[in-house]
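> Structure provided below as C-alpha cells; questions to follow.
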Amino acid sequence: MKITLNRIKNIAEDIKEDTEWVNDSHTRARHNGVCEGLDRLIEHLEECEYSKRICRDVEIVEEVDE
C-alpha cells in the first residue's frame, strides 16, 4: 500500500484536532507530545522527499564533454 505525503498530513491533522480525551495537565502534555511527534514526522518526510527529488535530478543530468 502506498500513502501520499498529503494523506499523511491529513491524518496527522485529524489526530492533532482530536482533543476529546484531553481533560487534565497530564493528557494535555501527552497531546502536545503527540502533536510534536507528528510535526517531526512530517518534517522528516518532507526533507526525504526533497532529497529524493535532488538525487533524481542529479541522476538524469548528463556529463558534457569539453
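Convention: chains lettered A, B, ... in C-alpha cells order; per-chain residue numbering from 1; ligands numbered from 1 as shown.
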Applying 12 Å and only C-alpha atoms, which residues near region 5-20 of chain A remain after dropping the ones on its own chain fewer than 4 positions away? List them as a PyMOL selection string.

chain A and resi 24+27-50
